[in-house]
Each structure stands twice: as C-alpha cells, then as structure tokens.
Number of protein chains: 2
Amino acid sequence: MKFGPIRPVGVNFAAADLSGYSEPMTSILIVGAGAIGALFGSALARQGAQVSVVCRSDYDIVSREGYDITSPLLGNHRFYPHAVFKDVAECKTPPDFLILTTKVLEGVDRTALIRPAVGPNTVIVLIQNGVDIEAEIASAFPENEILSGLAIIGVGRSAPGMVNHQTMGSLNLGRYPSGNSPAGERLAALLNGAGIGCKLTDNVVSARWAKAVWNATFNPISITGGMLDTAVILGTPESTAFVRRAMDEVCAVAAAAGHPVHPKVVEQFIGSTKTMPAYHTSMALDYKYGRPMEVEAILGNTVRAARNLGVSTPILETLYALTKMIERKMRESR
Amino acid sequence: MKFGPIRPVGVNFAAADLSGYSEPMTSILIVGAGAIGALFGSALARQGAQVSVVCRSDYDIVSREGYDITSPLLGNHRFYPHAVFKDVAECKTPPDFLILTTKVLEGVDRTALIRPAVGPNTVIVLIQNGVDIEAEIASAFPENEILSGLAIIGVGRSAPGMVNHQTMGSLNLGRYPSGNSPAGERLAALLNGAGIGCKLTDNVVSARWAKAVWNATFNPISITGGMLDTAVILGTPESTAFVRRAMDEVCAVAAAAGHPVHPKVVEQFIGSTKTMPAYHTSMALDYKYGRPMEVEAILGNTVRAARNLGVSTPILETLYALTKMIERKMRESR
C-alpha cells in the first residue's frame with residue numbers, strides 16, 4: 001500500500017525551494033525491512049529519499065501504521081515508507097538503490113528474491129552478514145553495481161512493526177569487489193546526513209574477512225551448551241587461548257584468500273570483547289528464539305573458502321559440524 | 001546403621017549346612033552407592049557376600065528402609081545392606097573388596113575418600129568411567145591390588161533410595177595395569193552367579209581406550225547445542241563423517257599410548273549407535289539435570305594423554321574447550 005500526504009519528504013522540498021532546483025529524488029527499496037532496514041530506511045527518508053519497503057512478516061501492521069521506532073539517534077517516531085510491499089514483484093518501478101537487509105540463509109534464493117525490482121541502473125546494496133556473500137549476486141546481475149555493507153549496530157524488533165534502536169553503530173560500505181563509486185558516496189552522504197556513521201572502504205571484502213575473525217568464532221561458540229555469553233567464552237585463560245586459536249584459523253583463511261587481516265585484530269577483538277559487559281551474539285539470540293541462524297554466511301562460507309584454498313581449519317570445521325547438528329535439531333523441533 | 005536379622009545372607013548359611021564347611025564370608029564395601037552400586041551390591045549380597053555401603057546423599061532413607069530396587073534381572077525387591085555408612089571412616093573393618101562407584105570428578109579426591117577403609121589386603125575395585133583413572137589410586141595404594149571395571153548397564157536412581165534397572169548390561173573387569181588375579185575371578189564369579197554378566201579382561205586399560213572412542217566423542221558432542229541425541233549427531237553423512245574423524249583422533253591417542261584399538265571399532269560404534277533408537281548420553285543427562293559431568297575422566301584425560309604423547313587432536317581439543325565453557329556456565333548458574 002502507499003501512504004499519501006504523511007510521507008516525510010519535507011526536507012527535500014524545503015531544499016528545492018531554496019535553490020530553485022532539486023535533484024531527482026533518490027528512490028530506495030529496502031527488501032527484508034526488519035529492524036535494521038526500517039531504521040536505515042527512516043534515516044534515508046529523513047534525508048529526502050523516497051523509501052519503500054518490502055516487508056513480509058509484519059506487512060499487515062506496517063502497511064497500516066508504519067514502523068514505530070524508538071531511537072536515541074532519530075528520536076521516538078513513526079516511519080511511514082513511501083510504499084509498503086508484501087512482495088518484491090509489486091514494486092513496478094526499479095529503484096535507484098535496492099538495499100537487501102535480509103538474513104543470508106541456506107535455501108533462500110536472494111537472486112530470485114530481488115530480481116523483479118532490479119532495473120538496469122539499480123545499485124544493489126547488500127547490508128548483510130558473512131563472508132563471500134556478494135559473488136552470487138554479482139554474477140546474477142553482472143551489469144549492476146554492487147555495494148556491500150557491514151553494519152555494526154544495536155537494533156532489534158521488539159514486536160511486529162516495532163523497532164528498538166539501542167546502540168548507535170556504524171556502517172562500513174564499499175563497492176564490490178573493491179574500490180568505491182559515486183553511488184556509494186551518495187548513499188554514504190545520505191546516511192551520514194541522518195547521523196548514521198557510514199564509512200566508505202575501498203576494500204569491503206577485506207573488511208568482511210576482518211569481521212569474520214570475530215563472527216565466525218564467537219557466534220558458533222556461543223550456541224554450544226545452550227547459550228554461552230562472551231564472559232563465559234573468555235572466562236579462563238584456557239578458553240581465551242582456544243578462542244585465539246580459532247581466530248587464528250580465520251586469519252589464515254583470510255590471508256590465503258588474499259585479504260590478510262592486520263596481525264593485531266585478534267588481540268583487539270579479544271580485548272574489546274572482554275571489556276564489554278557479557279552479551280549474547282546474534283546467533284545465540286536466534287538460537288534462543290528458535291529463529292533461523294546465519295550459519296552458512298558466517299561460518300560455512302569461511303570453512304568452504306578454507307577447503308578450496310587448502311587451509312587446515314580443524315577448529316572451525318568442528319564448530320561448523322556442531323552448529324549444523326544444532327541447526328538440524330532446531331529445524332526438527334519446529 | 002546396621003540391619004540385623006533381615007540381611008539376605010541365607011544362601012551362604014545354607015551352603016555351609018550342606019558342606020559342613022563355609023569359606024569366610026566375602027566382605028564388600030561399596031563407596032558411593034548410587035544406582036549402579038546398589039544394584040551390584042544387591043547382586044553380590046544374594047551370592048552370599050556381606051555388602052555394606054557408603055551412601056551420603058540418600059543416607060537417611062537407605063539407612064531406614066534399604067534400597068527399593070526394580071530390576072528385570074533381580075526382580076523388584078528391597079536390598080538391605082549389612083551396614084549403611086554416611087562416611088567411609090565409619091567402616092572400622094577393612095573389607096575384602098572396596099568397590100568405588102562414584103563419578104570421577106574434578107576436585108574430588110578419590111584417594112582421600114577411600115583411604116579410611118582400605119586395609120593391607122583390601123582389593124580396590126574401580127567401577128568408574130573414563131581413561132587413565134587408575135594411576136592415581138594405584139600410586140596412593142601401591143601395596144593393594146587394583147581391579148578396574150567398565151560397566152555398560154542401564155540403571156538409574158528414580159528417587160532417593162529408589163533404583164530402576166532397565167537394561168541388563170555387563171561388566172568388563174581386569175586387574176590394573178594388566179593381567180588378572182584370583183580376586184578378580186572371585187568377584188566375577190559372584191557377579192556372574194547373580195546373573196550380571198562379568199567378563200574378565202587381561203588388558204583393562206585397552207578396554208578403557210576402546211570405550212573412550214565412543215565416550216570421549218559422543219558425550220561432549222551431545223551437550224553442545226543444549227542436548228543432541230544420537231540420531232541428530234549421526235543425522236547426516238557430514239555429521240557422521242565428523243564423528244568418525246573425532247573417533248579417529250581418540251584411536252590415534254590410544255595407539256600412541258600403547259593400547260591400539262581394533263581398526264573396526266569406529267565403524268562398529270557408529271553402526272551400533274545408528275541402529276539403536278535415538279538416546280541421550282550420560283553426560284547429556286547430567287547436563288540436563290544440572291549435575292556434575294565427568295568431563296575430565298572422559299575427555300580431559302584423553303586430551304592430556306594426547307598432549308603428553310605429542311598426538312594432534314584438534315577436534316577433541318575443541319570439544320574439550322567448549323565442554324569446559326559449558327561446565328563453567330553450569331557451575332555459575334548453580
């Protein structure tokens with residue numbers, strides 16, 4: 001459905017009044033608009049973009065009432081997208097940016113999901129977890145520019161249509177496979193304008209590998225034994241040494257893949273995780289609530305890269321085997 | 001406390017009446033008489049042994065009412081030990097056999113536990129899980145004969161003083177460090193007489209290593225992800241291949257320790273586990289009920305043996321690190 005007069009595009013019109021000229025409005029389609037998509041969408045809309053969303057599970061309430069967002073950055077407000085679609089195919093005009101914020105899950109064909117809305121000039125933006133998640137999209141849309149983004153932000157869905165933004169966070173954005181582009185700069189400017197720190201990187205694949213050093217270890221470790229928080233995981237010198245060895249394996253894969261991670265990254269991750277209060281990883285929360293976990297994007301792709309590159313990763317292989325068993329148990333109990 | 005006339009030693013007296021001569025009654029002290037100790041104790045008492053028990057947690061009810069045992073082998077009956085002690089030190093006469101059936105737990109000093117009741121001629125019998133659990137006892141009691149036993153039997157404690165024997169099971173018994181002895185034959189004869197299949201082995205350490213191939217892998221794997229039953233663990237070709245690799249590591253340690261496991265053991269274990277209905281390991285049940293787990297006896301000793309022998313066991317090391325985290329979490333939540 002479409003919202004009429006209440007769409008928050010005033011800023012743009014005001015700018016137009018002053019200059020006598022306005023750039024054509026940037027159109028953005030957010031596919032899989034859960035918490036992070038809604039928050040970014042609202043931020044982009046404030047900057048004058050025309051933001052529509054594809055939102056399946058919360059469609060009924062969002063199409064009626066928009067998103068109810070509490071945020072220390074954007075304030076507590078309602079975000080009414082330009083249009084709310086239940087299915088990508090309902091979007092008849094290809095957007096300038098198609099931002100995909102779904103989880104990357106085994107058995108979910110992201111290419112098929114977005115294809116109906118991708119036009120020849122649509123920039124595809126992947127704000128998703130994991131390593132090696134772009135190649136599939138890049139080869140399906142060889143003519144389209146791909147931006148790849150790593151979000152670190154504390155935002156969750158507290159109820160249907162309700163988004164709770166807790167920690168400010170940031171977005172690391174770059175062109176895939178490398179470099180940057182005017183489109184990236186345009187999107188970054190919009191986000192930065194709204195106060196969401198967006199840093200451009202010209203080597204986003206390396207950035208993904210660096211993030212995997214934490215993600216591909218803490219996430220699977222955190223779901224063994226029910227749920228283990230970071231304080232338990234780093235609770236003893238022995239357990240910390242184990243985490244370090246697991247992280248070293250990810251570093252070895254990254255290096256073999258041509259994206260060496262800075263040698264201090266392991267200690268920095270361990271140090272910063274130790275300093276923070278005990279918390280649960282995203283995978284642990286998915287596990288707790290019986291939601292699908294991003295095992296393949298976060299860990300499976302790392303393990304497969306290792307196998308392809310001939311890097312020995314027995315710890316990661318073990319974590320992967322255990323995680324797949326856990327996933328299977330979860331699926332069977334659903 | 002002591003039970004008077006109701007102690008079930010009639011068989012022995014009857015034998016004495018017929019022959020005109022009776023061997024001195026075999027005295028047995030069972031230390032840590034939970035389900036398995038009570039069942040074996042009752043079986044031994046039926047064969048004419050004088051069986052006393054040390055039983056701390058269920059002392060009150062057992063000292064008043066004995067054990068309430070349901071068993072397809074021994075029938076549903078009450079077992080009144082010759083004496084019920086709350087503490088080993090209360091046993092003033094060293095027994096012929098001191099049978100230790102406690103769990104082997106980190107921080108529990110088994111030597112100190114049994115010392116008050118060990119006389120110069122007492123045979124110490126360890127019916128306990130794990131590998132490499134005898135050396136500590138052997139070096140503390142260098143003059144005493146040590147028998148080491150591996151029980152495979154389905155028996156549990158359903159309530160204080162209540163023992164539920166479900167599957168028949170067997171006991172593999174041998175002298176430590178190797179060989180056999182008249183004492184072992186005597187104990188085996190008593191157990192076999194009561195219908196508990198006791199097989200003598202002259203290489204009990206090798207038997208422990210063979211059992212560890214299953215125990216040191218399925219147990220820790222089963223407590224990752226909450227609880228995983230055997231069907232989930234062997235649910236896919238990939239997960240089965242992983243279990244096989246983990247078992248191969250145990251085999252490598254066993255071989256380096258001088259106790260090579262028959263090459264078919266891995267496939268036999270996997271095959272038999274697959275054939276049985278899905279079930280939970282003992283460690284998984286301990287995990288479920290928040291009870292201490294035998295991590296060190298079952299897995300820690302295997303990993304330490306590997307380290308000492310220079311055998312690389314990355315899968316077991318990973319399982320060990322994860323299991324220690326889980327154990328720590330359990331301890332903190334108690």
# chains A, B, ... in the order shown; residues from 1 in each chain; ligands from 1
>>> interface_residues(of="chain B", to="chain A", cutoff="8 Å", atoms="only C-alpha atoms", output="PDB file with N, CA, C and O atoms, in the first residue's frame")
ATOM      1  N   ILE B 221      30.008 -34.115  22.368  1.00  0.00           N
ATOM      2  CA  ILE B 221      29.191 -33.632  21.241  1.00  0.00           C
ATOM      3  C   ILE B 221      27.734 -33.493  21.687  1.00  0.00           C
ATOM      4  O   ILE B 221      27.045 -32.551  21.320  1.00  0.00           O
ATOM      5  N   ILE B 223      26.387 -32.556  24.349  1.00  0.00           N
ATOM      6  CA  ILE B 223      25.948 -31.429  25.184  1.00  0.00           C
ATOM      7  C   ILE B 223      26.161 -30.095  24.494  1.00  0.00           C
ATOM      8  O   ILE B 223      25.949 -29.041  25.093  1.00  0.00           O
ATOM      9  N   THR B 224      26.578 -30.113  23.239  1.00  0.00           N
ATOM     10  CA  THR B 224      26.633 -28.839  22.527  1.00  0.00           C
ATOM     11  C   THR B 224      25.240 -28.579  21.964  1.00  0.00           C
ATOM     12  O   THR B 224      24.560 -29.495  21.529  1.00  0.00           O
ATOM     13  N   GLY B 225      24.842 -27.357  22.016  1.00  0.00           N
ATOM     14  CA  GLY B 225      23.523 -27.034  21.476  1.00  0.00           C
ATOM     15  C   GLY B 225      22.413 -27.536  22.376  1.00  0.00           C
ATOM     16  O   GLY B 225      21.431 -28.094  21.895  1.00  0.00           O
ATOM     17  N   GLY B 226      22.569 -27.295  23.689  1.00  0.00           N
ATOM     18  CA  GLY B 226      21.567 -27.807  24.600  1.00  0.00           C
ATOM     19  C   GLY B 226      21.828 -29.290  24.766  1.00  0.00           C
ATOM     20  O   GLY B 226      22.753 -29.693  25.447  1.00  0.00           O
ATOM     21  N   MET B 227      21.058 -30.113  24.125  1.00  0.00           N
ATOM     22  CA  MET B 227      21.297 -31.552  24.158  1.00  0.00           C
ATOM     23  C   MET B 227      21.047 -32.091  22.768  1.00  0.00           C
ATOM     24  O   MET B 227      20.020 -31.813  22.167  1.00  0.00           O
ATOM     25  N   LEU B 228      21.981 -32.880  22.289  1.00  0.00           N
ATOM     26  CA  LEU B 228      21.796 -33.516  20.984  1.00  0.00           C
ATOM     27  C   LEU B 228      21.721 -35.021  21.209  1.00  0.00           C
ATOM     28  O   LEU B 228      22.599 -35.606  21.850  1.00  0.00           O
ATOM     29  N   VAL B 232      20.434 -37.161  16.020  1.00  0.00           N
ATOM     30  CA  VAL B 232      20.855 -35.879  15.448  1.00  0.00           C
ATOM     31  C   VAL B 232      22.357 -35.911  15.160  1.00  0.00           C
ATOM     32  O   VAL B 232      22.817 -35.461  14.106  1.00  0.00           O
ATOM     33  N   ILE B 233      23.111 -36.462  16.100  1.00  0.00           N
ATOM     34  CA  ILE B 233      24.571 -36.485  15.951  1.00  0.00           C
ATOM     35  C   ILE B 233      24.971 -37.275  14.700  1.00  0.00           C
ATOM     36  O   ILE B 233      25.895 -36.896  13.983  1.00  0.00           O
ATOM     37  N   GLY B 235      22.958 -37.697  12.137  1.00  0.00           N
ATOM     38  CA  GLY B 235      21.811 -37.428  11.266  1.00  0.00           C
ATOM     39  C   GLY B 235      22.119 -37.260   9.795  1.00  0.00           C
ATOM     40  O   GLY B 235      21.255 -37.461   8.947  1.00  0.00           O
ATOM     41  N   GLU B 238      27.537 -35.850   6.569  1.00  0.00           N
ATOM     42  CA  GLU B 238      28.587 -34.926   7.001  1.00  0.00           C
ATOM     43  C   GLU B 238      28.819 -35.043   8.509  1.00  0.00           C
ATOM     44  O   GLU B 238      29.956 -35.055   8.978  1.00  0.00           O
ATOM     45  N   SER B 239      27.723 -35.099   9.279  1.00  0.00           N
ATOM     46  CA  SER B 239      27.897 -35.164  10.725  1.00  0.00           C
ATOM     47  C   SER B 239      28.510 -36.508  11.123  1.00  0.00           C
ATOM     48  O   SER B 239      29.320 -36.584  12.044  1.00  0.00           O
ATOM     49  N   PHE B 242      32.122 -36.352  10.526  1.00  0.00           N
ATOM     50  CA  PHE B 242      32.762 -35.581  11.600  1.00  0.00           C
ATOM     51  C   PHE B 242      32.985 -36.451  12.832  1.00  0.00           C
ATOM     52  O   PHE B 242      34.077 -36.454  13.432  1.00  0.00           O
ATOM     53  N   PRO B 314      42.956 -31.840  17.282  1.00  0.00           N
ATOM     54  CA  PRO B 314      42.254 -30.539  17.278  1.00  0.00           C
ATOM     55  C   PRO B 314      40.748 -30.659  17.514  1.00  0.00           C
ATOM     56  O   PRO B 314      40.159 -29.765  18.124  1.00  0.00           O
ATOM     57  N   ILE B 315      40.131 -31.725  17.058  1.00  0.00           N
ATOM     58  CA  ILE B 315      38.685 -31.857  17.278  1.00  0.00           C
ATOM     59  C   ILE B 315      38.416 -32.080  18.773  1.00  0.00           C
ATOM     60  O   ILE B 315      37.569 -31.417  19.369  1.00  0.00           O
ATOM     61  N   THR B 318      38.944 -28.967  20.693  1.00  0.00           N
ATOM     62  CA  THR B 318      37.816 -28.038  20.536  1.00  0.00           C
ATOM     63  C   THR B 318      36.642 -28.482  21.408  1.00  0.00           C
ATOM     64  O   THR B 318      36.043 -27.673  22.124  1.00  0.00           O
ATOM     65  N   LEU B 319      36.345 -29.767  21.359  1.00  0.00           N
ATOM     66  CA  LEU B 319      35.238 -30.271  22.178  1.00  0.00           C
ATOM     67  C   LEU B 319      35.541 -30.039  23.660  1.00  0.00           C
ATOM     68  O   LEU B 319      34.644 -29.681  24.441  1.00  0.00           O
ATOM     69  N   ALA B 321      37.501 -27.675  24.994  1.00  0.00           N
ATOM     70  CA  ALA B 321      37.369 -26.243  25.320  1.00  0.00           C
ATOM     71  C   ALA B 321      35.897 -25.853  25.457  1.00  0.00           C
ATOM     72  O   ALA B 321      35.506 -25.149  26.387  1.00  0.00           O
ATOM     73  N   LEU B 322      35.066 -26.333  24.551  1.00  0.00           N
ATOM     74  CA  LEU B 322      33.639 -25.995  24.599  1.00  0.00           C
ATOM     75  C   LEU B 322      32.992 -26.601  25.848  1.00  0.00           C
ATOM     76  O   LEU B 322      32.201 -25.950  26.533  1.00  0.00           O
ATOM     77  N   THR B 323      33.346 -27.854  26.139  1.00  0.00           N
ATOM     78  CA  THR B 323      32.745 -28.524  27.285  1.00  0.00           C
ATOM     79  C   THR B 323      33.123 -27.827  28.589  1.00  0.00           C
ATOM     80  O   THR B 323      32.306 -27.716  29.502  1.00  0.00           O
ATOM     81  N   LYS B 324      34.363 -27.356  28.671  1.00  0.00           N
ATOM     82  CA  LYS B 324      34.772 -26.634  29.882  1.00  0.00           C
ATOM     83  C   LYS B 324      33.980 -25.331  30.028  1.00  0.00           C
ATOM     84  O   LYS B 324      33.642 -24.927  31.138  1.00  0.00           O
ATOM     85  N   MET B 325      33.697 -24.671  28.893  1.00  0.00           N
ATOM     86  CA  MET B 325      32.877 -23.445  28.962  1.00  0.00           C
ATOM     87  C   MET B 325      31.479 -23.783  29.476  1.00  0.00           C
ATOM     88  O   MET B 325      30.910 -23.077  30.304  1.00  0.00           O
ATOM     89  N   ILE B 326      30.932 -24.858  28.945  1.00  0.00           N
ATOM     90  CA  ILE B 326      29.585 -25.270  29.336  1.00  0.00           C
ATOM     91  C   ILE B 326      29.555 -25.615  30.828  1.00  0.00           C
ATOM     92  O   ILE B 326      28.647 -25.222  31.565  1.00  0.00           O
ATOM     93  N   ARG B 328      31.511 -24.502  33.107  1.00  0.00           N
ATOM     94  CA  ARG B 328      31.652 -23.261  33.861  1.00  0.00           C
ATOM     95  C   ARG B 328      30.304 -22.530  33.955  1.00  0.00           C
ATOM     96  O   ARG B 328      29.928 -22.028  35.005  1.00  0.00           O
ATOM     97  N   LYS B 329      29.609 -22.496  32.856  1.00  0.00           N
ATOM     98  CA  LYS B 329      28.292 -21.853  32.851  1.00  0.00           C
ATOM     99  C   LYS B 329      27.352 -22.570  33.827  1.00  0.00           C
ATOM    100  O   LYS B 329      26.615 -21.929  34.579  1.00  0.00           O
TER     101      LYS B 329
END
>>> residues_around(residues="segment 145-159 of chain A", least_positions_apart="5", cutoff="6 Å", atoms="only C-alpha atoms", output="MDAnalysis selection string")
chainID A and resid 35 123:127 164:176
>>> write_last_selection(atoms="C-alpha atoms", output="JSON list (two decimals), in the first residue's frame")
[["chain", "number", "residue", "atom", "x", "y", "z"],
["A", 35, "ALA", "CA", 14.78, -3.71, 12.38],
["A", 123, "VAL", "CA", 22.53, -0.23, -7.47],
["A", 124, "ILE", "CA", 22.24, -3.34, -5.34],
["A", 125, "VAL", "CA", 23.28, -2.79, -1.74],
["A", 126, "LEU", "CA", 23.88, -5.80, 0.47],
["A", 127, "ILE", "CA", 23.75, -4.93, 4.16],
["A", 164, "ASN", "CA", 14.12, -0.58, 19.13],
["A", 165, "HIS", "CA", 17.41, 1.10, 18.34],
["A", 166, "GLN", "CA", 19.78, 0.85, 21.25],
["A", 167, "THR", "CA", 23.40, 1.44, 20.32],
["A", 168, "MET", "CA", 24.42, 3.91, 17.65],
["A", 169, "GLY", "CA", 26.57, 1.72, 15.50],
["A", 170, "SER", "CA", 28.04, 2.31, 12.10],
["A", 171, "LEU", "CA", 28.05, 1.08, 8.54],
["A", 172, "ASN", "CA", 31.14, 0.11, 6.60],
["A", 173, "LEU", "CA", 30.34, 0.46, 2.91],
["A", 174, "GLY", "CA", 32.25, -0.25, -0.26],
["A", 175, "ARG", "CA", 31.88, -1.25, -3.86],
["A", 176, "TYR", "CA", 32.14, -4.96, -4.60]]
>>> closest_residue(among="A:Ala135, A:Leu98, A:Val250, A:Ala194", to="Leu44 of chain A", atoms="only C-alpha atoms")
A:Ala194
>>> atom_distance(atom1="atom CA of Cys251 of chain A", atom2="atom CA of Val205 of chain A")
13.4 Å
>>> select_by_dssp(residues="segment 31-266 of chain B", states="strand (DSSP E)", output="number ranges by chain")
B: 31, 50-54, 67-70, 77-79, 84-85, 97-100, 123-127, 146-159, 162-175, 197-200
>>> residues_around(residues="Phe97 of chain B", least_positions_apart="3", cutoff="9 Å", atoms="only C-alpha atoms", output="PDB file with all heavy atoms, in the first residue's frame")
ATOM      1  N   THR B  26      32.746 -63.203  52.085  1.00  0.00           N
ATOM      2  CA  THR B  26      33.427 -62.093  51.413  1.00  0.00           C
ATOM      3  C   THR B  26      32.822 -60.782  51.884  1.00  0.00           C
ATOM      4  O   THR B  26      31.607 -60.596  51.789  1.00  0.00           O
ATOM      5  CB  THR B  26      33.249 -62.206  49.889  1.00  0.00           C
ATOM      6  OG1 THR B  26      33.780 -63.465  49.477  1.00  0.00           O
ATOM      7  CG2 THR B  26      33.956 -61.081  49.172  1.00  0.00           C
ATOM      8  N   SER B  27      33.650 -59.882  52.385  1.00  0.00           N
ATOM      9  CA  SER B  27      33.106 -58.599  52.814  1.00  0.00           C
ATOM     10  C   SER B  27      33.379 -57.537  51.745  1.00  0.00           C
ATOM     11  O   SER B  27      34.481 -57.462  51.185  1.00  0.00           O
ATOM     12  CB  SER B  27      33.703 -58.175  54.157  1.00  0.00           C
ATOM     13  OG  SER B  27      35.075 -57.924  54.020  1.00  0.00           O
ATOM     14  N   ILE B  28      32.345 -56.801  51.458  1.00  0.00           N
ATOM     15  CA  ILE B  28      32.421 -55.807  50.381  1.00  0.00           C
ATOM     16  C   ILE B  28      31.900 -54.477  50.893  1.00  0.00           C
ATOM     17  O   ILE B  28      30.854 -54.418  51.552  1.00  0.00           O
ATOM     18  CB  ILE B  28      31.580 -56.268  49.162  1.00  0.00           C
ATOM     19  CG1 ILE B  28      32.190 -57.552  48.567  1.00  0.00           C
ATOM     20  CG2 ILE B  28      31.490 -55.162  48.114  1.00  0.00           C
ATOM     21  CD1 ILE B  28      31.381 -58.162  47.436  1.00  0.00           C
ATOM     22  N   LEU B  29      32.654 -53.420  50.610  1.00  0.00           N
ATOM     23  CA  LEU B  29      32.173 -52.070  50.918  1.00  0.00           C
ATOM     24  C   LEU B  29      32.009 -51.321  49.604  1.00  0.00           C
ATOM     25  O   LEU B  29      32.961 -51.209  48.822  1.00  0.00           O
ATOM     26  CB  LEU B  29      33.161 -51.323  51.817  1.00  0.00           C
ATOM     27  CG  LEU B  29      32.749 -49.887  52.161  1.00  0.00           C
ATOM     28  CD1 LEU B  29      31.516 -49.871  53.066  1.00  0.00           C
ATOM     29  CD2 LEU B  29      33.907 -49.120  52.821  1.00  0.00           C
ATOM     30  N   ILE B  30      30.801 -50.852  49.384  1.00  0.00           N
ATOM     31  CA  ILE B  30      30.560 -50.074  48.166  1.00  0.00           C
ATOM     32  C   ILE B  30      30.561 -48.600  48.524  1.00  0.00           C
ATOM     33  O   ILE B  30      29.758 -48.154  49.350  1.00  0.00           O
ATOM     34  CB  ILE B  30      29.236 -50.494  47.510  1.00  0.00           C
ATOM     35  CG1 ILE B  30      29.356 -51.971  47.089  1.00  0.00           C
ATOM     36  CG2 ILE B  30      28.926 -49.609  46.304  1.00  0.00           C
ATOM     37  CD1 ILE B  30      28.172 -52.526  46.379  1.00  0.00           C
ATOM     38  N   PRO B  94      38.362 -53.154  57.564  1.00  0.00           N
ATOM     39  CA  PRO B  94      38.634 -53.063  56.128  1.00  0.00           C
ATOM     40  C   PRO B  94      37.975 -54.221  55.375  1.00  0.00           C
ATOM     41  O   PRO B  94      38.068 -55.370  55.823  1.00  0.00           O
ATOM     42  CB  PRO B  94      40.158 -53.161  56.037  1.00  0.00           C
ATOM     43  CG  PRO B  94      40.663 -52.786  57.389  1.00  0.00           C
ATOM     44  CD  PRO B  94      39.610 -53.228  58.364  1.00  0.00           C
ATOM     45  N   VAL B 118      40.570 -48.671  53.540  1.00  0.00           N
ATOM     46  CA  VAL B 118      41.456 -49.566  52.796  1.00  0.00           C
ATOM     47  C   VAL B 118      42.448 -50.223  53.760  1.00  0.00           C
ATOM     48  O   VAL B 118      43.258 -49.542  54.395  1.00  0.00           O
ATOM     49  CB  VAL B 118      42.217 -48.800  51.685  1.00  0.00           C
ATOM     50  CG1 VAL B 118      43.232 -49.720  50.999  1.00  0.00           C
ATOM     51  CG2 VAL B 118      41.243 -48.226  50.669  1.00  0.00           C
ATOM     52  N   ASN B 121      44.977 -55.771  52.909  1.00  0.00           N
ATOM     53  CA  ASN B 121      44.541 -56.824  51.980  1.00  0.00           C
ATOM     54  C   ASN B 121      43.309 -56.454  51.167  1.00  0.00           C
ATOM     55  O   ASN B 121      42.742 -57.293  50.463  1.00  0.00           O
ATOM     56  CB  ASN B 121      44.254 -58.105  52.767  1.00  0.00           C
ATOM     57  CG  ASN B 121      45.495 -58.588  53.492  1.00  0.00           C
ATOM     58  OD1 ASN B 121      46.569 -58.664  52.906  1.00  0.00           O
ATOM     59  ND2 ASN B 121      45.358 -58.859  54.788  1.00  0.00           N
ATOM     60  N   THR B 122      42.899 -55.219  51.313  1.00  0.00           N
ATOM     61  CA  THR B 122      41.707 -54.795  50.582  1.00  0.00           C
ATOM     62  C   THR B 122      42.005 -54.686  49.080  1.00  0.00           C
ATOM     63  O   THR B 122      42.989 -54.049  48.680  1.00  0.00           O
ATOM     64  CB  THR B 122      41.202 -53.423  51.087  1.00  0.00           C
ATOM     65  OG1 THR B 122      40.865 -53.548  52.473  1.00  0.00           O
ATOM     66  CG2 THR B 122      39.999 -52.945  50.291  1.00  0.00           C
ATOM     67  N   VAL B 123      41.155 -55.328  48.287  1.00  0.00           N
ATOM     68  CA  VAL B 123      41.250 -55.152  46.839  1.00  0.00           C
ATOM     69  C   VAL B 123      40.390 -53.943  46.476  1.00  0.00           C
ATOM     70  O   VAL B 123      39.209 -53.886  46.852  1.00  0.00           O
ATOM     71  CB  VAL B 123      40.743 -56.398  46.087  1.00  0.00           C
ATOM     72  CG1 VAL B 123      40.737 -56.170  44.582  1.00  0.00           C
ATOM     73  CG2 VAL B 123      41.593 -57.605  46.454  1.00  0.00           C
ATOM     74  N   ILE B 124      40.987 -52.998  45.782  1.00  0.00           N
ATOM     75  CA  ILE B 124      40.253 -51.782  45.409  1.00  0.00           C
ATOM     76  C   ILE B 124      39.690 -51.984  43.998  1.00  0.00           C
ATOM     77  O   ILE B 124      40.431 -52.292  43.071  1.00  0.00           O
ATOM     78  CB  ILE B 124      41.173 -50.544  45.447  1.00  0.00           C
ATOM     79  CG1 ILE B 124      41.745 -50.372  46.867  1.00  0.00           C
ATOM     80  CG2 ILE B 124      40.404 -49.293  45.014  1.00  0.00           C
ATOM     81  CD1 ILE B 124      42.848 -49.334  46.947  1.00  0.00           C
ATOM     82  N   VAL B 125      38.384 -51.828  43.881  1.00  0.00           N
ATOM     83  CA  VAL B 125      37.721 -52.054  42.594  1.00  0.00           C
ATOM     84  C   VAL B 125      37.137 -50.729  42.108  1.00  0.00           C
ATOM     85  O   VAL B 125      36.295 -50.122  42.777  1.00  0.00           O
ATOM     86  CB  VAL B 125      36.583 -53.093  42.731  1.00  0.00           C
ATOM     87  CG1 VAL B 125      36.020 -53.450  41.355  1.00  0.00           C
ATOM     88  CG2 VAL B 125      37.060 -54.332  43.466  1.00  0.00           C
ATOM     89  N   ALA B 183      41.488 -62.690  42.841  1.00  0.00           N
ATOM     90  CA  ALA B 183      40.482 -61.768  43.382  1.00  0.00           C
ATOM     91  C   ALA B 183      39.493 -61.361  42.294  1.00  0.00           C
ATOM     92  O   ALA B 183      38.276 -61.313  42.517  1.00  0.00           O
ATOM     93  CB  ALA B 183      41.157 -60.534  43.980  1.00  0.00           C
ATOM     94  N   LEU B 187      35.422 -62.095  42.326  1.00  0.00           N
ATOM     95  CA  LEU B 187      34.378 -61.083  42.175  1.00  0.00           C
ATOM     96  C   LEU B 187      33.521 -61.369  40.943  1.00  0.00           C
ATOM     97  O   LEU B 187      32.285 -61.268  40.981  1.00  0.00           O
ATOM     98  CB  LEU B 187      35.014 -59.689  42.059  1.00  0.00           C
ATOM     99  CG  LEU B 187      34.066 -58.496  42.143  1.00  0.00           C
ATOM    100  CD1 LEU B 187      33.387 -58.442  43.512  1.00  0.00           C
ATOM    101  CD2 LEU B 187      34.816 -57.187  41.898  1.00  0.00           C
TER     102      LEU B 187
END
